[in-house]
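Chemist: Have a look at this one.
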Amino acid sequence: MWHMNVALAHARVDQLSNREGINHFVLEPEQNTFRSVVADITHRCNMTCANCYLPNRNIPDMDVEKLYDVLARLPFRTYVRLIGAEPTMRDDLPDIIRNVVRLGHKPSINTNGLKLAHLDYCQELKDAGLSMVSISMNGADDDDVYRIVDNGKYATLKTRALTNMFKTGFLINTGTVVVPDINEHCILRQMETIAEAASEAGVDFISSRPWNRVKIIARFKSVGAIGRHMSGRHYSLPELIDVMAGQLDLTPELVGNRPAQSGLNYIRESQASHFTNYFPYQTGQGEIMIQVMDWSRGLIPDAGSVNRGRITKDWKIAPFFEDVKLNETGY
């Protein structure tokens with residue numbers, strides 16, 4: 001039924017394309033079929049990462065009243081991803097989270113984590129109704145990597161933020177861009193850093209809620225040619241699978257075969273196996289799921305996804321990465 005609804009909606013929306021051949025359909029909010037909708041609530045940031053798919057900084061913050069209008073018109077309960085640049089730059093982020101919940105949706109944030117190094121701020125977001133946080137950790141606990149990839153020394157703040165996220169009880173995703181010959185060693189260190197942060201917070205992934213019910217996901221992706229990005233050689237999915245296997249002392253067959261989706265019911269079969277793979281990894285605190293993603297293929301990462309939409313500059317809903325690519329020099 002879900003796929004049928006997608007097909008019906010796509011049949012009645014505006015179909016757009018540009019000279020690069022990017023297919024781009026646009027939905028009215030009432031027609032939304034995406035299970036997850038992204039809201040770019042600010043283009044301000046407190047970091048200048050070498051890889052940033054939303055590098056525009058001269059765009060005003062999103063009008064929250066118009067955001068709430070769009071969310072009120074969505075036809076079903078939706079995962080609303082509040083992103084930026086850096087969403088914690090907005091002083092009213094707790095209010096935005098409260099209103100997303102009030103309108104019947106499930107808020108999450110994608111963050112660099114610097115402000116979450118303050119435990120009271122984590123608790124404020126949790127009290128507002130936030131349950132899931134995705135934090136970028138390109139260097140795990142290695143400042144030499146952060147200096148190269150993210151143009152600063154961020155290891156202390158990011159690892160402290162991760163510990164605070166466990167103390168506060170957030171569902172957790174981590175995100176790492178794997179850059180050839182720079183941060184492959186951070187793959188194992190990221191797993192160890194997650195486990196160490198959990199141990200410091202006094203939790204595990206076997207008996208502690210919510211992580212015994214919804215697994216932590218550590219996401220590793222290649223550099224994508226979108227927004228501001230590092231040049232040079234980038235890993236394909238087979239290459240990244242081999243790198244992951246070597247760093248984690250696993251067989252490529254385990255890394256390259258997606259397991260059953262137990263506990264991951266939001267992962268859709270529509271995600272093609274040539275783009276992403278999932279596999280479990282055991283840490284001292286329990287099992288983590290790892291996702292390996294190829295962002296190096298073509299113009300658009302995850303092209304054609306029916307899972308993730310974006311609120312457009314004219315307050316409609318479009319496929320996320322397609323809309324980002326078509327608006328690289330603007331919104």
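Chain labels run A, B, ... following the order of the structure tokens; each chain numbers its residues from 1, and ligands are numbered from 1 in the order shown.
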Could you build a table of the residues in segment 220-253 of chain A lying no more than 6 Å from segment 168-178 of chain A, giving for each the nearest pair of atoms and their separation in Å rounded to one decimal place, using only C-alpha atoms, ordered by chain and ascending residue number, as a tab-separated table?

Modeler:
```
residue	atom	partner	partner_atom	distance
A:Phe220	CA	A:Thr176	CA	4.8
A:Lys221	CA	A:Val177	CA	5.0
A:Ser222	CA	A:Val178	CA	5.3
```

Chemist: Need to verify the contact set: Asp249 of chain A, 12 Å, only C-alpha atoms, exclusion of same-chain residues closer than 4 positions in sequence. Can you return it as an MDAnalysis selection string?

Modeler: chainID A and resid 187:188 241:245 253:255 281:282

Chemist: Could you give me the residues within segment 57-243 of chain A that DSSP places in alpha helix (DSSP H), as a PDB file with C-alpha atoms, in the first residue's frame?

Modeler:
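Saved file result.pdb follows:
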```
ATOM      1  CA  VAL A  64       8.789  28.860  11.743  1.00  0.00           C
ATOM      2  CA  GLU A  65       5.146  29.837  11.269  1.00  0.00           C
ATOM      3  CA  LYS A  66       5.329  28.734   7.647  1.00  0.00           C
ATOM      4  CA  LEU A  67       7.130  25.584   8.778  1.00  0.00           C
ATOM      5  CA  TYR A  68       4.307  24.817  11.215  1.00  0.00           C
ATOM      6  CA  ASP A  69       1.749  25.403   8.470  1.00  0.00           C
ATOM      7  CA  VAL A  70       3.464  22.818   6.260  1.00  0.00           C
ATOM      8  CA  LEU A  71       3.716  20.314   9.112  1.00  0.00           C
ATOM      9  CA  ALA A  72       0.053  20.795  10.017  1.00  0.00           C
ATOM     10  CA  ARG A  73      -0.914  19.866   6.448  1.00  0.00           C
ATOM     11  CA  LEU A  93      15.237  25.189  18.724  1.00  0.00           C
ATOM     12  CA  PRO A  94      13.503  23.861  21.876  1.00  0.00           C
ATOM     13  CA  ASP A  95      10.333  25.737  20.886  1.00  0.00           C
ATOM     14  CA  ILE A  96      10.525  24.333  17.354  1.00  0.00           C
ATOM     15  CA  ILE A  97      10.864  20.814  18.748  1.00  0.00           C
ATOM     16  CA  ARG A  98       7.858  21.356  21.031  1.00  0.00           C
ATOM     17  CA  ASN A  99       5.760  22.520  18.100  1.00  0.00           C
ATOM     18  CA  VAL A 100       6.786  19.581  15.905  1.00  0.00           C
ATOM     19  CA  VAL A 101       5.543  17.290  18.688  1.00  0.00           C
ATOM     20  CA  ARG A 102       2.381  19.380  19.159  1.00  0.00           C
ATOM     21  CA  LEU A 119      24.566  18.498  29.536  1.00  0.00           C
ATOM     22  CA  ASP A 120      21.938  21.074  30.504  1.00  0.00           C
ATOM     23  CA  TYR A 121      21.374  21.906  26.832  1.00  0.00           C
ATOM     24  CA  CYS A 122      20.908  18.208  26.011  1.00  0.00           C
ATOM     25  CA  GLN A 123      18.358  17.968  28.789  1.00  0.00           C
ATOM     26  CA  GLU A 124      16.534  21.071  27.539  1.00  0.00           C
ATOM     27  CA  LEU A 125      16.144  19.501  24.096  1.00  0.00           C
ATOM     28  CA  LYS A 126      15.041  16.203  25.636  1.00  0.00           C
ATOM     29  CA  ASP A 127      12.451  17.951  27.816  1.00  0.00           C
ATOM     30  CA  ALA A 128      11.131  19.740  24.712  1.00  0.00           C
ATOM     31  CA  ASP A 143      41.901  15.993  16.589  1.00  0.00           C
ATOM     32  CA  ASP A 144      44.462  15.530  13.802  1.00  0.00           C
ATOM     33  CA  VAL A 145      41.639  14.236  11.590  1.00  0.00           C
ATOM     34  CA  TYR A 146      39.201  16.949  12.634  1.00  0.00           C
ATOM     35  CA  ARG A 147      41.757  19.606  11.705  1.00  0.00           C
ATOM     36  CA  ILE A 148      41.963  18.197   8.170  1.00  0.00           C
ATOM     37  CA  VAL A 149      38.327  17.261   7.540  1.00  0.00           C
ATOM     38  CA  ALA A 155      37.385  15.735  19.532  1.00  0.00           C
ATOM     39  CA  THR A 156      36.850  16.739  23.172  1.00  0.00           C
ATOM     40  CA  LEU A 157      33.535  18.492  22.558  1.00  0.00           C
ATOM     41  CA  LYS A 158      32.172  15.757  20.301  1.00  0.00           C
ATOM     42  CA  THR A 159      33.052  12.881  22.619  1.00  0.00           C
ATOM     43  CA  ARG A 160      31.620  14.823  25.575  1.00  0.00           C
ATOM     44  CA  ALA A 161      28.443  15.426  23.563  1.00  0.00           C
ATOM     45  CA  LEU A 162      28.169  11.701  22.856  1.00  0.00           C
ATOM     46  CA  THR A 163      28.423  10.910  26.567  1.00  0.00           C
ATOM     47  CA  ASN A 164      25.775  13.550  27.325  1.00  0.00           C
ATOM     48  CA  MET A 165      23.486  12.039  24.694  1.00  0.00           C
ATOM     49  CA  PHE A 166      23.681   8.715  26.516  1.00  0.00           C
ATOM     50  CA  LYS A 167      23.083  10.382  29.872  1.00  0.00           C
ATOM     51  CA  THR A 168      20.017  12.129  28.463  1.00  0.00           C
ATOM     52  CA  CYS A 186      38.671   6.299  12.795  1.00  0.00           C
ATOM     53  CA  ILE A 187      36.262   3.523  11.773  1.00  0.00           C
ATOM     54  CA  LEU A 188      37.361   1.294  14.642  1.00  0.00           C
ATOM     55  CA  ARG A 189      37.946   4.259  16.934  1.00  0.00           C
ATOM     56  CA  GLN A 190      34.369   5.423  16.304  1.00  0.00           C
ATOM     57  CA  MET A 191      33.028   2.074  17.527  1.00  0.00           C
ATOM     58  CA  GLU A 192      35.275   2.230  20.571  1.00  0.00           C
ATOM     59  CA  THR A 193      34.368   5.884  21.223  1.00  0.00           C
ATOM     60  CA  ILE A 194      30.646   5.058  21.205  1.00  0.00           C
ATOM     61  CA  ALA A 195      31.161   2.190  23.644  1.00  0.00           C
ATOM     62  CA  GLU A 196      33.409   4.282  25.913  1.00  0.00           C
ATOM     63  CA  ALA A 197      30.881   7.140  25.995  1.00  0.00           C
ATOM     64  CA  ALA A 198      28.099   4.711  26.911  1.00  0.00           C
ATOM     65  CA  SER A 199      30.237   3.164  29.643  1.00  0.00           C
ATOM     66  CA  GLU A 200      31.040   6.599  31.076  1.00  0.00           C
ATOM     67  CA  ALA A 201      27.310   7.370  31.131  1.00  0.00           C
ATOM     68  CA  LEU A 237      30.790   0.992  -2.029  1.00  0.00           C
ATOM     69  CA  PRO A 238      32.873  -2.169  -2.737  1.00  0.00           C
ATOM     70  CA  GLU A 239      36.045  -0.293  -1.773  1.00  0.00           C
ATOM     71  CA  LEU A 240      34.449   1.080   1.379  1.00  0.00           C
ATOM     72  CA  ILE A 241      33.219  -2.397   2.318  1.00  0.00           C
ATOM     73  CA  ASP A 242      36.797  -3.706   2.023  1.00  0.00           C
ATOM     74  CA  VAL A 243      38.112  -0.808   4.138  1.00  0.00           C
TER      75      VAL A 243
END
```

Chemist: I need the residue nearest Thr88 of chain A from this list: A:Lys106, A:Arg44, A:Lys153, A:Arg35. Use only C-alpha atoms for the distance.

Modeler: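 Closest to Thr88 of chain A of all the choices is A:Arg44.
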
Chemist: Quick one, how far is atom CA of Ala50 of chain A from atom CA of Ala318 of chain A?

Modeler: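 The value is 26.1 Å.
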
Chemist: Run DSSP on the backbone and give me the residues of segment 71-310 of chain A it puts in strand (DSSP E), as number ranges by chain.

Modeler: A: 79-83, 106-111, 132-136, 171-177, 217-221, 276-283, 286-293, 308-310

Chemist: Any chance you could export the current selection's C-alpha atoms as a PDB file, in the first residue's frame?

Modeler:
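Okay, part.pdb is ready:
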```
ATOM      1  CA  TYR A  79       9.765  11.954  11.023  1.00  0.00           C
ATOM      2  CA  VAL A  80      10.745  15.640  10.871  1.00  0.00           C
ATOM      3  CA  ARG A  81      14.497  16.117  10.594  1.00  0.00           C
ATOM      4  CA  LEU A  82      15.575  19.564  11.766  1.00  0.00           C
ATOM      5  CA  ILE A  83      18.870  20.304  10.075  1.00  0.00           C
ATOM      6  CA  LYS A 106       8.500  12.926  15.491  1.00  0.00           C
ATOM      7  CA  PRO A 107      11.394  15.427  15.628  1.00  0.00           C
ATOM      8  CA  SER A 108      15.074  14.645  15.230  1.00  0.00           C
ATOM      9  CA  ILE A 109      18.123  16.828  14.669  1.00  0.00           C
ATOM     10  CA  ASN A 110      21.278  16.459  12.584  1.00  0.00           C
ATOM     11  CA  THR A 111      24.033  18.269  14.460  1.00  0.00           C
ATOM     12  CA  MET A 132      16.690  11.187  18.245  1.00  0.00           C
ATOM     13  CA  VAL A 133      20.007  12.885  17.462  1.00  0.00           C
ATOM     14  CA  SER A 134      22.349  12.308  14.524  1.00  0.00           C
ATOM     15  CA  ILE A 135      25.830  13.623  15.295  1.00  0.00           C
ATOM     16  CA  SER A 136      28.685  13.979  12.815  1.00  0.00           C
ATOM     17  CA  LEU A 171      18.330   7.537  20.283  1.00  0.00           C
ATOM     18  CA  ILE A 172      21.678   7.982  18.544  1.00  0.00           C
ATOM     19  CA  ASN A 173      23.067   7.921  15.019  1.00  0.00           C
ATOM     20  CA  THR A 174      26.644   8.905  14.255  1.00  0.00           C
ATOM     21  CA  GLY A 175      27.850  10.011  10.833  1.00  0.00           C
ATOM     22  CA  THR A 176      31.378   9.723   9.417  1.00  0.00           C
ATOM     23  CA  VAL A 177      32.655  10.718   5.979  1.00  0.00           C
ATOM     24  CA  ILE A 217      23.422   3.232  14.036  1.00  0.00           C
ATOM     25  CA  ALA A 218      26.927   4.305  13.059  1.00  0.00           C
ATOM     26  CA  ARG A 219      26.868   5.550   9.458  1.00  0.00           C
ATOM     27  CA  PHE A 220      29.966   5.629   7.264  1.00  0.00           C
ATOM     28  CA  LYS A 221      29.821   7.193   3.804  1.00  0.00           C
ATOM     29  CA  THR A 276      23.986   0.989   1.121  1.00  0.00           C
ATOM     30  CA  ASN A 277      24.558  -2.002   3.392  1.00  0.00           C
ATOM     31  CA  TYR A 278      23.845  -2.685   7.060  1.00  0.00           C
ATOM     32  CA  PHE A 279      25.614  -5.120   9.363  1.00  0.00           C
ATOM     33  CA  PRO A 280      25.898  -5.664  13.143  1.00  0.00           C
ATOM     34  CA  TYR A 281      29.034  -5.019  15.167  1.00  0.00           C
ATOM     35  CA  GLN A 282      29.670  -6.124  18.731  1.00  0.00           C
ATOM     36  CA  THR A 283      31.198  -3.667  21.197  1.00  0.00           C
ATOM     37  CA  GLY A 286      26.537  -4.489  23.182  1.00  0.00           C
ATOM     38  CA  GLU A 287      25.553  -4.515  19.523  1.00  0.00           C
ATOM     39  CA  ILE A 288      25.626  -1.507  17.201  1.00  0.00           C
ATOM     40  CA  MET A 289      24.311  -1.449  13.652  1.00  0.00           C
ATOM     41  CA  ILE A 290      26.681  -0.052  11.033  1.00  0.00           C
ATOM     42  CA  GLN A 291      25.493   1.444   7.760  1.00  0.00           C
ATOM     43  CA  VAL A 292      27.912   1.783   4.831  1.00  0.00           C
ATOM     44  CA  MET A 293      26.849   4.249   2.119  1.00  0.00           C
ATOM     45  CA  ARG A 308      13.393  11.290   2.500  1.00  0.00           C
ATOM     46  CA  GLY A 309      11.769  14.551   1.381  1.00  0.00           C
ATOM     47  CA  ARG A 310      12.639  18.202   1.893  1.00  0.00           C
TER      48      ARG A 310
END
```

Chemist: Give me the residues within 10 Å of Phe34 of chain A as an NGL selection string, counting only C-alpha atoms and dropping any in the same chain fewer than 3 places off.

Modeler: :A and (2 or 6 or 27 or 31 or 37-38 or 74 or 76 or 78-79 or 305-310 or 317-320)

Chemist: Show which residues sit within 8 Å of Pro180 of chain A, as a list in words. Count only C-alpha atoms, and ignore same-chain residues fewer than 5 positions away.

Modeler: Arg233, His234 and Tyr235 of chain A

Chemist: Point out the residue among A:Gly232, A:Asp314, A:Gln247, A:Phe205 with the least atom-to-atom distance to Val26 of chain A, counting only C-alpha atoms.

Modeler: A:Asp314

Chemist: When you draw a straight line from atom CA of His185 of chain A to atom CA of Pro252 of chain A, how long is it in Å?

Modeler: 16.9 Å
